[in-house]
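**Student:** Here you go, this is entry-v6.cif (mmCIF, C-alpha atoms and all ligand atoms).
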```cif
data_coords
#
loop_
_atom_site.label_atom_id
_atom_site.label_comp_id
_atom_site.auth_asym_id
_atom_site.auth_seq_id
_atom_site.Cartn_x
_atom_site.Cartn_y
_atom_site.Cartn_z
CA MET A 184 10.27 -175.87 87.54
CA ALA A 185 8.11 -173.36 85.66
CA GLU A 186 9.53 -169.87 85.49
CA ILE A 187 7.42 -167.31 87.34
CA VAL A 188 7.91 -163.76 86.18
CA GLN A 189 7.86 -161.32 89.10
CA ARG A 190 6.11 -158.03 88.50
CA LYS A 191 5.10 -155.04 90.56
CA PRO A 192 1.53 -154.87 91.90
CA VAL A 193 -0.87 -153.36 89.36
CA LYS A 194 -2.38 -150.15 90.72
CA LEU A 195 -4.82 -147.56 89.40
CA SER A 196 -1.77 -145.59 88.22
CA THR A 197 -0.54 -148.69 86.29
CA LEU A 198 -3.89 -148.95 84.51
CA LYS A 199 -3.66 -145.25 83.62
CA LYS A 200 -0.17 -145.78 82.19
CA LEU A 201 -1.31 -148.77 80.11
CA TYR A 202 -4.26 -146.72 78.86
CA GLU A 203 -2.06 -143.77 77.93
CA ALA A 204 0.43 -146.07 76.20
CA LYS A 205 -2.51 -147.69 74.33
CA GLU A 206 -1.45 -151.09 75.65
CA PRO A 207 -4.53 -153.32 75.93
CA ILE A 208 -5.58 -153.99 79.52
CA VAL A 209 -6.30 -157.67 80.25
CA MET A 210 -9.02 -158.67 82.66
CA ILE A 211 -10.44 -162.11 83.43
CA THR A 212 -12.91 -163.30 86.02
CA GLY A 213 -11.59 -165.21 89.02
CA TYR A 214 -13.43 -166.61 91.99
CA ASP A 215 -10.94 -168.60 94.07
CA ALA A 216 -7.35 -168.59 95.33
CA THR A 217 -5.91 -171.22 92.97
CA PHE A 218 -7.20 -169.64 89.77
CA ALA A 219 -6.36 -166.16 91.04
CA ARG A 220 -2.76 -167.32 91.50
CA ILE A 221 -2.42 -168.75 88.01
CA GLU A 222 -4.27 -165.84 86.39
CA ASP A 223 -1.88 -163.48 88.14
CA GLU A 224 1.13 -165.57 87.10
CA ALA A 225 -0.19 -165.55 83.51
CA GLY A 226 0.15 -161.75 83.57
CA THR A 227 -3.46 -160.59 83.69
CA ASP A 228 -3.69 -156.92 84.71
CA MET A 229 -7.05 -157.20 86.45
CA ILE A 230 -9.00 -160.02 88.06
CA LEU A 231 -12.75 -159.48 88.14
CA VAL A 232 -14.57 -161.23 90.97
CA GLY A 233 -17.70 -161.12 88.85
CA ASP A 234 -21.19 -161.86 90.05
CA SER A 235 -21.13 -164.28 87.10
CA LEU A 236 -20.04 -166.59 89.94
CA GLY A 237 -23.76 -167.01 90.55
CA MET A 238 -23.83 -168.95 87.30
CA THR A 239 -20.31 -170.38 86.97
CA MET A 240 -19.77 -171.39 90.61
CA GLN A 241 -23.26 -171.63 92.11
CA GLY A 242 -25.09 -173.09 89.11
CA ASN A 243 -27.88 -170.50 88.96
CA SER A 244 -29.39 -169.51 85.61
CA THR A 245 -28.76 -165.77 86.26
CA THR A 246 -26.58 -163.58 88.48
CA LEU A 247 -29.56 -162.35 90.50
CA PRO A 248 -29.37 -164.71 93.52
CA VAL A 249 -25.80 -163.65 94.45
CA SER A 250 -25.44 -161.93 97.85
CA ILE A 251 -22.94 -159.39 99.17
CA GLU A 252 -21.66 -162.13 101.53
CA ASP A 253 -20.97 -164.39 98.52
CA MET A 254 -19.04 -161.57 96.82
CA ALA A 255 -17.02 -160.79 99.97
CA TYR A 256 -16.20 -164.48 100.46
CA HIS A 257 -14.96 -164.99 96.88
CA THR A 258 -13.06 -161.68 96.97
CA ALA A 259 -11.20 -162.81 100.09
CA CYS A 260 -10.36 -166.13 98.38
CA VAL A 261 -9.04 -164.34 95.28
CA ALA A 262 -7.06 -161.86 97.37
CA LYS A 263 -5.27 -164.74 99.11
CA GLY A 264 -4.15 -166.35 95.82
CA ASN A 265 -3.34 -163.13 93.98
CA LYS A 266 -0.08 -161.24 94.39
CA THR A 267 0.00 -158.47 91.81
CA ALA A 268 -3.19 -158.19 89.71
CA PHE A 269 -5.72 -155.42 90.40
CA ILE A 270 -8.86 -156.93 91.94
CA VAL A 271 -12.27 -155.60 90.93
CA THR A 272 -15.36 -156.95 92.67
CA ASP A 273 -18.93 -156.77 91.42
CA MET A 274 -21.60 -155.29 93.62
CA PRO A 275 -24.39 -157.86 93.29
CA PHE A 276 -28.05 -157.31 92.38
CA GLY A 277 -29.93 -155.38 95.07
CA SER A 278 -26.79 -154.29 96.94
CA TYR A 279 -26.42 -150.70 95.67
CA LEU A 280 -29.59 -149.21 94.23
CA VAL A 281 -32.03 -149.86 97.07
CA ASN A 282 -30.55 -147.00 99.03
CA GLU A 283 -27.27 -145.12 98.80
CA ASP A 284 -26.09 -145.65 102.40
CA GLU A 285 -26.52 -149.39 102.01
CA GLY A 286 -24.57 -149.18 98.74
CA VAL A 287 -21.72 -147.40 100.54
CA ALA A 288 -21.69 -149.97 103.39
CA ASN A 289 -21.66 -152.86 100.90
CA ALA A 290 -18.82 -151.32 98.86
CA VAL A 291 -16.84 -150.89 102.09
CA GLU A 292 -17.39 -154.58 102.92
CA LEU A 293 -15.99 -155.63 99.52
CA MET A 294 -12.95 -153.36 99.90
CA LYS A 295 -12.31 -154.82 103.38
CA ALA A 296 -12.50 -158.31 101.85
CA GLY A 297 -9.64 -157.44 99.48
CA ALA A 298 -11.07 -155.63 96.44
CA HIS A 299 -9.12 -152.71 94.97
CA MET A 300 -12.17 -151.40 93.09
CA VAL A 301 -15.89 -152.13 93.01
CA LYS A 302 -17.97 -152.53 89.86
CA MET A 303 -21.64 -151.74 89.40
CA GLU A 304 -24.04 -152.06 86.51
CA GLY A 305 -26.05 -149.10 85.26
CA GLY A 306 -25.88 -145.56 83.93
CA LEU A 307 -27.25 -142.31 85.33
CA GLU A 308 -28.94 -144.04 88.27
CA VAL A 309 -25.61 -145.17 89.79
CA CYS A 310 -23.79 -141.84 89.35
CA PRO A 311 -24.60 -140.36 92.78
CA LEU A 312 -23.19 -143.49 94.46
CA VAL A 313 -20.10 -143.46 92.19
CA LYS A 314 -19.45 -139.84 93.26
CA ARG A 315 -19.85 -140.65 96.94
CA LEU A 316 -17.57 -143.70 96.78
CA ARG A 317 -14.89 -141.64 95.06
CA THR A 318 -14.96 -139.09 97.90
CA MET A 319 -14.30 -142.03 100.25
CA GLY A 320 -11.33 -143.27 98.23
CA ILE A 321 -13.10 -146.24 96.67
CA PRO A 322 -12.36 -146.59 92.93
CA VAL A 323 -15.33 -147.57 90.79
CA CYS A 324 -15.75 -149.48 87.53
CA GLY A 325 -18.98 -148.85 85.62
CA HIS A 326 -20.72 -151.49 83.49
CA VAL A 327 -23.04 -150.53 80.63
CA GLY A 328 -24.48 -152.08 77.47
CA PHE A 329 -25.93 -155.48 78.29
CA THR A 330 -26.23 -155.55 82.07
CA PRO A 331 -26.90 -159.12 83.27
CA GLN A 332 -28.60 -158.01 86.50
CA SER A 333 -31.34 -156.46 84.30
CA VAL A 334 -31.83 -159.55 82.13
CA ASN A 335 -35.50 -159.78 83.13
CA ALA A 336 -36.19 -156.18 82.15
CA ILE A 337 -34.17 -156.46 78.93
CA GLY A 338 -35.96 -159.71 78.05
CA GLY A 339 -32.90 -161.80 77.18
CA TYR A 340 -29.21 -161.72 76.26
CA PHE A 341 -29.44 -159.06 73.57
CA VAL A 342 -26.85 -156.72 72.07
CA GLN A 343 -27.45 -153.12 73.27
CA GLY A 344 -26.88 -149.82 71.45
CA ARG A 345 -27.87 -151.03 67.99
CA THR A 346 -30.39 -148.26 67.35
CA GLN A 347 -29.65 -144.54 67.15
CA SER A 348 -31.40 -143.91 70.48
CA GLY A 349 -29.65 -146.93 72.03
CA GLU A 350 -26.27 -145.59 70.91
CA GLU A 351 -27.06 -142.12 72.27
CA LYS A 352 -28.11 -143.64 75.61
CA LEU A 353 -24.82 -145.58 75.85
CA LEU A 354 -22.76 -142.48 75.06
CA ALA A 355 -24.66 -140.40 77.63
CA GLU A 356 -24.25 -143.11 80.29
CA ALA A 357 -20.53 -143.48 79.64
CA HIS A 358 -19.93 -139.73 79.82
CA ALA A 359 -22.01 -139.44 83.00
CA LEU A 360 -20.05 -142.26 84.65
CA GLU A 361 -16.74 -140.66 83.73
CA GLU A 362 -17.99 -137.31 85.03
CA ALA A 363 -19.13 -138.96 88.29
CA GLY A 364 -15.63 -140.35 88.84
CA ALA A 365 -15.63 -143.89 87.45
CA SER A 366 -12.05 -144.99 86.68
CA VAL A 367 -12.90 -147.75 84.19
CA ILE A 368 -16.07 -148.79 82.32
CA VAL A 369 -16.98 -152.29 81.12
CA PHE A 370 -18.95 -152.42 77.87
CA GLU A 371 -20.84 -155.67 77.40
CA MET A 372 -22.40 -156.80 74.11
CA VAL A 373 -22.45 -153.55 72.17
CA PRO A 374 -21.67 -153.05 68.47
CA ALA A 375 -17.92 -152.73 67.85
CA ALA A 376 -18.41 -149.40 66.07
CA VAL A 377 -20.25 -147.91 69.06
CA ALA A 378 -17.61 -149.15 71.54
CA LYS A 379 -14.89 -147.66 69.31
CA LYS A 380 -16.66 -144.28 69.26
CA VAL A 381 -17.19 -144.18 73.04
CA THR A 382 -13.61 -145.29 73.70
CA ALA A 383 -12.33 -142.45 71.52
CA GLU A 384 -14.51 -139.90 73.35
CA LEU A 385 -13.71 -140.93 76.95
CA HIS A 386 -10.58 -140.18 78.97
CA ILE A 387 -10.74 -143.40 81.01
CA PRO A 388 -10.21 -147.03 79.88
CA THR A 389 -13.07 -149.06 78.44
CA ILE A 390 -12.99 -152.83 78.90
CA GLY A 391 -15.00 -154.77 76.35
CA ILE A 392 -16.75 -158.12 76.41
CA GLY A 393 -18.48 -158.61 73.09
CA ALA A 394 -17.65 -154.97 72.29
CA GLY A 395 -15.13 -155.39 69.48
CA PRO A 396 -11.36 -154.92 69.26
CA ASP A 397 -11.15 -151.16 69.85
CA CYS A 398 -11.80 -150.95 73.59
CA SER A 399 -8.88 -150.10 75.89
CA GLY A 400 -8.96 -153.65 77.22
CA GLN A 401 -10.85 -156.93 77.20
CA VAL A 402 -12.51 -159.16 79.77
CA LEU A 403 -13.77 -162.74 79.51
CA VAL A 404 -15.31 -165.13 81.98
CA LEU A 405 -12.72 -167.72 83.10
CA GLN A 406 -14.95 -170.69 82.21
CA ASP A 407 -15.36 -169.34 78.65
CA VAL A 408 -11.58 -168.96 78.27
CA LEU A 409 -11.25 -172.60 79.32
CA GLY A 410 -14.23 -173.74 77.23
CA ILE A 411 -15.94 -175.42 80.17
CA TYR A 412 -19.24 -173.51 80.54
CA GLY A 413 -21.49 -175.39 78.15
CA ARG A 414 -22.38 -173.30 75.09
CA ALA A 415 -20.04 -170.32 74.76
CA PRO A 416 -21.28 -166.90 73.65
CA LYS A 417 -20.21 -165.58 70.21
CA PHE A 418 -17.76 -163.13 71.82
CA ALA A 419 -15.84 -165.82 73.74
CA LYS A 420 -12.89 -167.95 72.66
CA ASN A 421 -11.76 -171.29 74.03
CA PHE A 422 -8.04 -170.83 74.71
CA MET A 423 -7.62 -174.46 75.78
CA VAL A 424 -7.63 -175.34 72.08
CA GLY A 425 -3.96 -175.84 71.24
CA ALA A 426 -2.82 -175.39 74.86
CA SER A 427 -1.32 -178.22 76.90
CA SER A 428 -2.37 -176.85 80.30
CA ILE A 429 -4.70 -174.34 81.96
CA GLN A 430 -1.65 -172.19 82.74
CA GLU A 431 -0.71 -172.11 79.05
CA ALA A 432 -4.30 -171.31 77.99
CA LEU A 433 -4.41 -168.34 80.39
CA LYS A 434 -1.04 -167.07 79.13
CA ASN A 435 -2.31 -167.42 75.55
CA TYR A 436 -5.40 -165.37 76.46
CA VAL A 437 -3.24 -162.61 77.98
CA GLN A 438 -0.94 -162.61 74.94
CA ALA A 439 -3.86 -162.60 72.48
CA VAL A 440 -5.38 -159.52 74.14
CA LYS A 441 -2.04 -157.73 74.51
CA SER A 442 -1.16 -158.33 70.85
CA ARG A 443 -4.72 -157.45 69.71
CA ALA A 444 -5.09 -160.90 68.15
CA PHE A 445 -8.28 -161.23 70.24
CA PRO A 446 -11.06 -160.30 69.74
CA THR A 447 -11.56 -160.44 65.97
CA ALA A 448 -14.62 -159.53 63.91
CA ASP A 449 -15.84 -163.09 64.53
CA HIS A 450 -16.16 -162.29 68.24
CA SER A 451 -17.80 -158.90 67.68
CA PHE A 452 -21.24 -157.50 66.83
O1 LIG B 1 -19.85 -160.81 86.36
C1 LIG B 1 -19.09 -160.82 85.38
O2 LIG B 1 -18.36 -161.77 85.12
C2 LIG B 1 -19.07 -159.64 84.55
C3 LIG B 1 -18.39 -159.77 83.22
C4 LIG B 1 -19.31 -160.44 82.28
C5 LIG B 1 -17.92 -158.46 82.71
O3 LIG B 1 -19.60 -158.64 84.90
#
```
Let's see the structure in the file written out as structure tokens.

**Tutor:**
Amino acid sequence: MAEIVQRKPVKLSTLKKLYEAKEPIVMITGYDATFARIEDEAGTDMILVGDSLGMTMQGNSTTLPVSIEDMAYHTACVAKGNKTAFIVTDMPFGSYLVNEDEGVANAVELMKAGAHMVKMEGGLEVCPLVKRLRTMGIPVCGHVGFTPQSVNAIGGYFVQGRTQSGEEKLLAEAHALEEAGASVIVFEMVPAAVAKKVTAELHIPTIGIGAGPDCSGQVLVLQDVLGIYGRAPKFAKNFMVGASSIQEALKNYVQAVKSRAFPTADHSF
């Protein structure tokens, strides 16, 4: 029988300790009980119930159609399979910027479904809600750089923060989110040098996806780790290559992030 290593539940204080010890924080998306269980057993620190489920699970071409009910349902599934990882759930498009009270009610629904933290895309515009959620005891993860819910406004899947003004905007957003009370910030598709600079300036962990090797942690979409979502983005790596099972691939992903073997320059911008 496979050996299952028991560990204590990962809490906000655990993430802080990992950050202070400069140990990379490992995050991976998860959407159901079975994968949540094996991701947890593989030693991932955080499971992200990402609204990427709109694409990976529902087959949409963007994350925009995902509802708060979808997110609550998948969070509850993940919470049932997971024992120790810290669960972060995405607030989907249209669930937090229409009005602040609705944003609060939706965050509460996700926490009741089993999330330990909610994540939202955006910079200055989300700060008032971040502050309010913190006063209610709801930890928040920010998400800046390429923000998939704004793909129509951005015009495509483009790296953000490449220009001087783009870099300044990213830095200002990250500082504002930290100031508002965000506990973690995801950086998606930003130049490695910019992510390194922001990570050095902040006092909270940064989690990169296509943001180079110098973030405090890394996140990938489960289907990209397993090489099963059609064409993979440049920043992803198929960990099934050389692995004899899904369980082994997930352990290899965790180990690669923890040992800083992933990501390399080949996965960065
Ligand atoms: O929804 C998601 O999976 C995400 C990651 C790409 C960070 O937000």

**Student:** Rounded to one decimal in Å, what is the spacing between atom CA of Thr197 of chain A and atom CA of Glu252 of chain A?

**Tutor:**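 According to the coordinates, atom CA of Thr197 of chain A and atom CA of Glu252 of chain A are separated by 29.3 Å.
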
**Student:** Pick out the residues sitting within 8 Å of Ala363 of chain A, and hand them over as an MDAnalysis selection string; count only C-alpha atoms, and ignore anything fewer than 5 positions along from it in its own chain.

**Tutor:** chainID A and resid 310:311 313:314

**Student:** If the limit is 8 Å from any atom of ligand LIG 1 (chain B), counting all atoms listed in the file, which residues qualify? Return them as a list in words.

**Tutor:**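 So the residues close to ligand LIG 1 (chain B) are Thr212, Leu231, Val232, Gly233, Asp234, Ser235, Leu236, Thr246, Asp273, His326, Thr330, Pro331, Val369, Phe370, Glu371, Gly391, Ile392, Val402, Leu403 and Val404 of chain A.
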
**Student:** How about saving the chosen residues, C-alpha atoms kept, as an mmCIF file, keeping the file's coordinate frame?

**Tutor:**
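result-v9.cif was written with the following content:
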```
data_model
loop_
_atom_site.group_PDB
_atom_site.id
_atom_site.type_symbol
_atom_site.label_atom_id
_atom_site.label_comp_id
_atom_site.auth_asym_id
_atom_site.auth_seq_id
_atom_site.Cartn_x
_atom_site.Cartn_y
_atom_site.Cartn_z
ATOM 1 C CA THR A 212 -12.910 -163.300 86.020
ATOM 2 C CA LEU A 231 -12.750 -159.480 88.140
ATOM 3 C CA VAL A 232 -14.570 -161.230 90.970
ATOM 4 C CA GLY A 233 -17.700 -161.120 88.850
ATOM 5 C CA ASP A 234 -21.190 -161.860 90.050
ATOM 6 C CA SER A 235 -21.130 -164.280 87.100
ATOM 7 C CA LEU A 236 -20.040 -166.590 89.940
ATOM 8 C CA THR A 246 -26.580 -163.580 88.480
ATOM 9 C CA ASP A 273 -18.930 -156.770 91.420
ATOM 10 C CA HIS A 326 -20.720 -151.490 83.490
ATOM 11 C CA THR A 330 -26.230 -155.550 82.070
ATOM 12 C CA PRO A 331 -26.900 -159.120 83.270
ATOM 13 C CA VAL A 369 -16.980 -152.290 81.120
ATOM 14 C CA PHE A 370 -18.950 -152.420 77.870
ATOM 15 C CA GLU A 371 -20.840 -155.670 77.400
ATOM 16 C CA GLY A 391 -15.000 -154.770 76.350
ATOM 17 C CA ILE A 392 -16.750 -158.120 76.410
ATOM 18 C CA VAL A 402 -12.510 -159.160 79.770
ATOM 19 C CA LEU A 403 -13.770 -162.740 79.510
ATOM 20 C CA VAL A 404 -15.310 -165.130 81.980
#
```

**Student:** Counting only C-alpha atoms, find residues at most 10 Å from (-29.4, -151.0, 93.2) (file frame) and give them as a VMD selection string.

**Tutor:** chain A and resid 274 to 283 285 to 286 303 to 305 308 to 309 312 332

**Student:** If I take atom CA of Lys380 of chain A and atom CA of Thr447 of chain A, how far is one from the other in Å, to one decimal?

**Tutor:**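 Here the two named atoms are 17.3 Å from each other.
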
**Student:** Which residue gives the smallest distance to Pro322 of chain A among A:Pro374, A:Gln343, A:Leu293, A:Phe445, with all atoms listed in the file counted?

**Tutor:**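 Closest to Pro322 of chain A of all the choices is A:Leu293.
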
**Student:** Contacts of Thr389 of chain A at 8 Å or less, counting all atoms listed in the file, minus same-chain residues fewer than 2 places along, as a list in words?

**Tutor:** Val367, Ile368, Val369, Phe370, Thr382, Ile387, Gly391, Cys398, Ser399 and Gly400 of chain A

**Student:** Convert the current residue selection to file output with C-alpha atoms, as a short mmCIF file (atom, residue, chain, number, x, y, z; two decimals), in the coordinates of the input.

**Tutor:**
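again.cif written:
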```cif
data_model
loop_
_atom_site.label_atom_id
_atom_site.label_comp_id
_atom_site.auth_asym_id
_atom_site.auth_seq_id
_atom_site.Cartn_x
_atom_site.Cartn_y
_atom_site.Cartn_z
CA VAL A 367 -12.90 -147.75 84.19
CA ILE A 368 -16.07 -148.79 82.32
CA VAL A 369 -16.98 -152.29 81.12
CA PHE A 370 -18.95 -152.42 77.87
CA THR A 382 -13.61 -145.29 73.70
CA ILE A 387 -10.74 -143.40 81.01
CA GLY A 391 -15.00 -154.77 76.35
CA CYS A 398 -11.80 -150.95 73.59
CA SER A 399 -8.88 -150.10 75.89
CA GLY A 400 -8.96 -153.65 77.22
#
```

**Student:** Mind pulling up the distance from atom CA of Thr272 of chain A to atom CA of Lys205 of chain A?

**Tutor:** 24.2 Å
